[in-house]
Amino acid sequence: MRVITRAADGTRRTITGGSRGPTLAGMSPPWSAGVVRLRRVVNVVNLATPVGLVVAKAGRAELARGPHGLLLAKGFRPPLRAAAMTIGDVVLLRRDDDWLARHPRLLDHEARHAFQYACWLGPLGFFPAYLACAGWSLWRTGDPALRNAFERRADLVDGNYVRGLDDPRLHLVKRRLRNPVRRRTGAAGSSRRLR
Ligand SMILES: [Zn+2]
């Protein structure tokens with residue numbers, strides 16, 4: 001098991017061995033232009049990006065180009081549980097540019113979701129698989145993200161779900177998985193992202 005994390009100076013380091021961490025290696029930026037172009041084509045063909053554009057338009061968002069070949073749908077009006085939600089290559093955003101500038105790694109996280117859409121045959125494959133993983137995570141931990149394979153592979157830290165590999169919520173989840181209890185009353189904390 002390898003886990004990649006970032007040091008305070010922004011450099012990445014790899015942790016090998018030990019229990020499973022919140023991040024998985026192999027899907028970290030920068031991605032090559034060819035890989036991003038292929039993902040964008042696949043996400044158009046599998047209808048993920050067209051669905052994202054329709055949802056963005058329905059939510060009265062303004063489109064702008066973002067990093068990693070993403071399309072940022074800014075000012076998305078309907079409420080979202082999280083600060084952002086990705087459909088295909090379209091990132092639905094409720095936060096403003098200042099917030100985004102303070103959380104630049106969020107778009108790394110959302111780009112990984114865009115790759116997941118490409119790998120899971122678009123919305124038809126991604127939505128049910130994601131919901132199943134979220135339900136499993138909720139059942140096992142009381143939180144739909146912390147043991148959700150899609151969120152873990154997109155990086156829980158980059159997605160602002162936890163503050164780092166030492167976040168107490170991760171330790172709580174590990175203890176809970178080792179010692180399951182009949183009733184779980186949100187001991188892992190809120191499922192909402194950190195600010
Ligand atoms: Zn996510």
# chains A, B, ... in the order shown; residues from 1 in each chain; ligands from 1
$ residues_near_ligand --ligand "ligand 1" --cutoff "10 Å" --atoms "only C-alpha atoms and all ligand atoms" --output "mmCIF file with C-alpha atoms, in the first residue's frame"
data_model
loop_
_atom_site.group_PDB
_atom_site.id
_atom_site.type_symbol
_atom_site.label_atom_id
_atom_site.label_comp_id
_atom_site.auth_asym_id
_atom_site.auth_seq_id
_atom_site.Cartn_x
_atom_site.Cartn_y
_atom_site.Cartn_z
ATOM 1 C CA ALA A 82 -20.442 19.946 -0.911
ATOM 2 C CA ALA A 83 -18.613 23.008 -2.213
ATOM 3 C CA ALA A 84 -18.418 21.405 -5.638
ATOM 4 C CA MET A 85 -19.847 18.527 -7.586
ATOM 5 C CA THR A 86 -18.432 17.105 -10.797
ATOM 6 C CA LEU A 106 -10.085 20.992 -4.707
ATOM 7 C CA LEU A 107 -9.832 21.036 -8.496
ATOM 8 C CA ASP A 108 -7.225 18.244 -8.376
ATOM 9 C CA HIS A 109 -9.844 16.249 -6.484
ATOM 10 C CA GLU A 110 -12.601 17.097 -8.956
ATOM 11 C CA ALA A 111 -10.347 16.233 -11.914
ATOM 12 C CA ARG A 112 -9.901 12.746 -10.465
ATOM 13 C CA HIS A 113 -13.694 12.434 -10.414
ATOM 14 C CA ALA A 114 -13.715 13.459 -14.084
ATOM 15 C CA ALA A 145 -17.281 9.964 2.068
ATOM 16 C CA ASN A 148 -16.200 5.765 -0.166
ATOM 17 C CA PHE A 150 -14.442 7.108 -5.198
ATOM 18 C CA GLU A 151 -13.758 9.875 -2.685
ATOM 19 C CA ARG A 152 -10.704 8.128 -1.280
ATOM 20 C CA ARG A 153 -9.213 7.698 -4.747
ATOM 21 C CA ALA A 154 -10.019 11.326 -5.527
ATOM 22 C CA ASP A 155 -8.136 12.200 -2.306
ATOM 23 C CA LEU A 156 -10.056 13.071 0.845
ATOM 24 C CA VAL A 157 -7.547 15.754 1.784
ATOM 25 C CA ASP A 158 -7.695 17.530 -1.566
ATOM 26 C CA GLY A 159 -11.490 17.323 -1.409
ATOM 27 C CA ASN A 160 -11.548 19.024 2.004
ATOM 28 C CA TYR A 161 -13.180 16.053 3.648
ATOM 29 C CA ARG A 193 -16.611 19.149 3.777
#
$ residues_around --residues "A:Val42" --least-positions-apart "4" --cutoff "9 Å" --atoms "only C-alpha atoms" --output "MDAnalysis selection string"
chainID A and resid 37:38 46:48 117:119 121:122
$ residues_around --residues "A:Leu177" --least-positions-apart "6" --cutoff "10 Å" --atoms "only C-alpha atoms" --output "PyMOL selection string"
chain A and resi 140-141+147+171
$ write_last_selection --atoms "C-alpha atoms" --output "tab-separated table (two decimals), in the first residue's frame"
chain	number	residue	atom	x	y	z
A	140	ARG	CA	-19.89	1.33	8.01
A	141	THR	CA	-18.79	4.71	9.31
A	147	ARG	CA	-14.74	5.00	3.23
A	171	HIS	CA	-8.59	7.40	13.30
$ atom_distance --atom1 "atom CA of A:Ala149" --atom2 "atom CA of A:Phe127"
13.1 Å
$ atom_distance --atom1 "atom CA of A:Val36" --atom2 "atom CA of A:His68"
6.7 Å
$ closest_residue --among "A:Gly59, A:Val41, A:Leu100, A:Ala33" --to "A:Leu80" --atoms "only C-alpha atoms"
A:Gly59
$ residues_around --residues "A:Val44" --least-positions-apart "4" --cutoff "9 Å" --atoms "only C-alpha atoms" --output "JSON, numbers by chain"
{"A": [39, 40, 48, 49, 50, 88, 89, 122]}
$ write_last_selection --atoms "N, CA and C atoms" --output "PDB file, in the first residue's frame"
ATOM      1  N   ARG A  39      -9.545  11.838 -21.973  1.00  0.00           N
ATOM      2  CA  ARG A  39     -10.633  11.847 -20.983  1.00  0.00           C
ATOM      3  C   ARG A  39     -11.784  12.729 -21.447  1.00  0.00           C
ATOM      4  N   ARG A  40     -11.446  13.891 -22.007  1.00  0.00           N
ATOM      5  CA  ARG A  40     -12.500  14.806 -22.442  1.00  0.00           C
ATOM      6  C   ARG A  40     -13.320  14.201 -23.567  1.00  0.00           C
ATOM      7  N   ALA A  48     -21.327  12.036 -20.144  1.00  0.00           N
ATOM      8  CA  ALA A  48     -21.162  12.630 -18.816  1.00  0.00           C
ATOM      9  C   ALA A  48     -21.044  14.156 -18.907  1.00  0.00           C
ATOM     10  N   THR A  49     -20.175  14.635 -19.790  1.00  0.00           N
ATOM     11  CA  THR A  49     -20.002  16.092 -19.897  1.00  0.00           C
ATOM     12  C   THR A  49     -21.260  16.774 -20.442  1.00  0.00           C
ATOM     13  N   PRO A  50     -21.934  16.224 -21.476  1.00  0.00           N
ATOM     14  CA  PRO A  50     -23.194  16.844 -21.886  1.00  0.00           C
ATOM     15  C   PRO A  50     -24.212  16.927 -20.746  1.00  0.00           C
ATOM     16  N   GLY A  88     -18.971  14.513 -15.330  1.00  0.00           N
ATOM     17  CA  GLY A  88     -18.098  14.516 -16.497  1.00  0.00           C
ATOM     18  C   GLY A  88     -16.943  15.462 -16.261  1.00  0.00           C
ATOM     19  N   ASP A  89     -16.704  16.361 -17.203  1.00  0.00           N
ATOM     20  CA  ASP A  89     -15.632  17.343 -17.038  1.00  0.00           C
ATOM     21  C   ASP A  89     -16.154  18.673 -16.502  1.00  0.00           C
ATOM     22  N   GLY A 122     -19.384   6.775 -17.897  1.00  0.00           N
ATOM     23  CA  GLY A 122     -20.277   7.923 -17.807  1.00  0.00           C
ATOM     24  C   GLY A 122     -21.292   7.797 -16.698  1.00  0.00           C
TER      25      GLY A 122
END
$ closest_residue --among "A:Ala134, A:Gly34, A:Asn43, A:Ala64" --to "A:Ile87" --atoms "only C-alpha atoms"
A:Asn43
$ select_by_dssp --residues "stretch 8-194 of chain A" --states "helix (DSSP H, G or I)" --output "JSON, numbers by chain"
{"A": [33, 34, 35, 36, 37, 38, 39, 40, 41, 42, 43, 44, 45, 48, 49, 50, 51, 52, 53, 54, 55, 56, 57, 58, 67, 68, 69, 97, 98, 99, 100, 101, 102, 106, 107, 108, 109, 110, 111, 112, 113, 114, 115, 116, 117, 118, 119, 123, 124, 125, 126, 127, 128, 129, 130, 131, 132, 133, 134, 135, 136, 137, 138, 139, 140, 141, 149, 150, 151, 152, 153, 154, 168, 169, 170, 171, 172, 173, 174, 175, 176, 177, 178]}
$ decode --residues "stretch 110-183 of chain A" --atoms "C-alpha atoms" --output "compact mmCIF listing (two decimals), in the first residue's frame"
# COMPACT_ATOMS: atom_id res chain seq x y z
CA GLU A 110 -12.60 17.10 -8.96
CA ALA A 111 -10.35 16.23 -11.91
CA ARG A 112 -9.90 12.75 -10.47
CA HIS A 113 -13.69 12.43 -10.41
CA ALA A 114 -13.71 13.46 -14.08
CA PHE A 115 -11.34 10.55 -14.81
CA GLN A 116 -13.62 8.27 -12.80
CA TYR A 117 -16.53 9.18 -15.09
CA ALA A 118 -14.41 8.21 -18.07
CA CYS A 119 -13.48 4.87 -16.49
CA TRP A 120 -17.03 4.07 -15.33
CA LEU A 121 -18.78 4.55 -18.68
CA GLY A 122 -20.28 7.92 -17.81
CA PRO A 123 -23.31 8.64 -15.65
CA LEU A 124 -24.90 5.24 -16.25
CA GLY A 125 -21.99 3.49 -14.59
CA PHE A 126 -20.67 6.19 -12.29
CA PHE A 127 -23.87 7.25 -10.51
CA PRO A 128 -24.99 3.82 -9.26
CA ALA A 129 -21.43 2.79 -8.39
CA TYR A 130 -20.80 6.04 -6.51
CA LEU A 131 -24.09 5.80 -4.64
CA ALA A 132 -23.35 2.20 -3.68
CA CYS A 133 -19.96 3.21 -2.30
CA ALA A 134 -21.44 6.20 -0.48
CA GLY A 135 -24.10 3.97 1.04
CA TRP A 136 -21.51 1.43 2.11
CA SER A 137 -19.38 4.15 3.69
CA LEU A 138 -22.41 5.61 5.46
CA TRP A 139 -23.39 2.19 6.77
CA ARG A 140 -19.89 1.33 8.01
CA THR A 141 -18.79 4.71 9.31
CA GLY A 142 -21.75 7.07 9.54
CA ASP A 143 -20.19 9.25 6.82
CA PRO A 144 -20.80 8.88 3.07
CA ALA A 145 -17.28 9.96 2.07
CA LEU A 146 -14.68 8.63 4.47
CA ARG A 147 -14.74 5.00 3.23
CA ASN A 148 -16.20 5.76 -0.17
CA ALA A 149 -13.72 4.35 -2.70
CA PHE A 150 -14.44 7.11 -5.20
CA GLU A 151 -13.76 9.88 -2.69
CA ARG A 152 -10.70 8.13 -1.28
CA ARG A 153 -9.21 7.70 -4.75
CA ALA A 154 -10.02 11.33 -5.53
CA ASP A 155 -8.14 12.20 -2.31
CA LEU A 156 -10.06 13.07 0.85
CA VAL A 157 -7.55 15.75 1.78
CA ASP A 158 -7.69 17.53 -1.57
CA GLY A 159 -11.49 17.32 -1.41
CA ASN A 160 -11.55 19.02 2.00
CA TYR A 161 -13.18 16.05 3.65
CA VAL A 162 -10.37 15.72 6.16
CA ARG A 163 -7.56 18.05 7.15
CA GLY A 164 -4.76 15.51 6.66
CA LEU A 165 -3.64 11.96 7.22
CA ASP A 166 -3.70 12.60 10.96
CA ASP A 167 -7.25 13.91 11.01
CA PRO A 168 -8.93 12.47 14.11
CA ARG A 169 -11.97 11.49 12.04
CA LEU A 170 -9.85 8.99 10.09
CA HIS A 171 -8.59 7.40 13.30
CA LEU A 172 -12.15 7.25 14.58
CA VAL A 173 -13.27 5.49 11.40
CA LYS A 174 -10.47 2.92 11.72
CA ARG A 175 -11.47 2.21 15.31
CA ARG A 176 -15.10 1.95 14.31
CA LEU A 177 -14.31 -0.53 11.53
CA ARG A 178 -12.30 -2.63 13.96
CA ASN A 179 -15.04 -2.47 16.59
CA PRO A 180 -18.40 -2.08 14.83
CA VAL A 181 -21.28 -0.96 17.03
CA ARG A 182 -24.96 -1.45 16.48
CA ARG A 183 -25.86 2.23 16.55
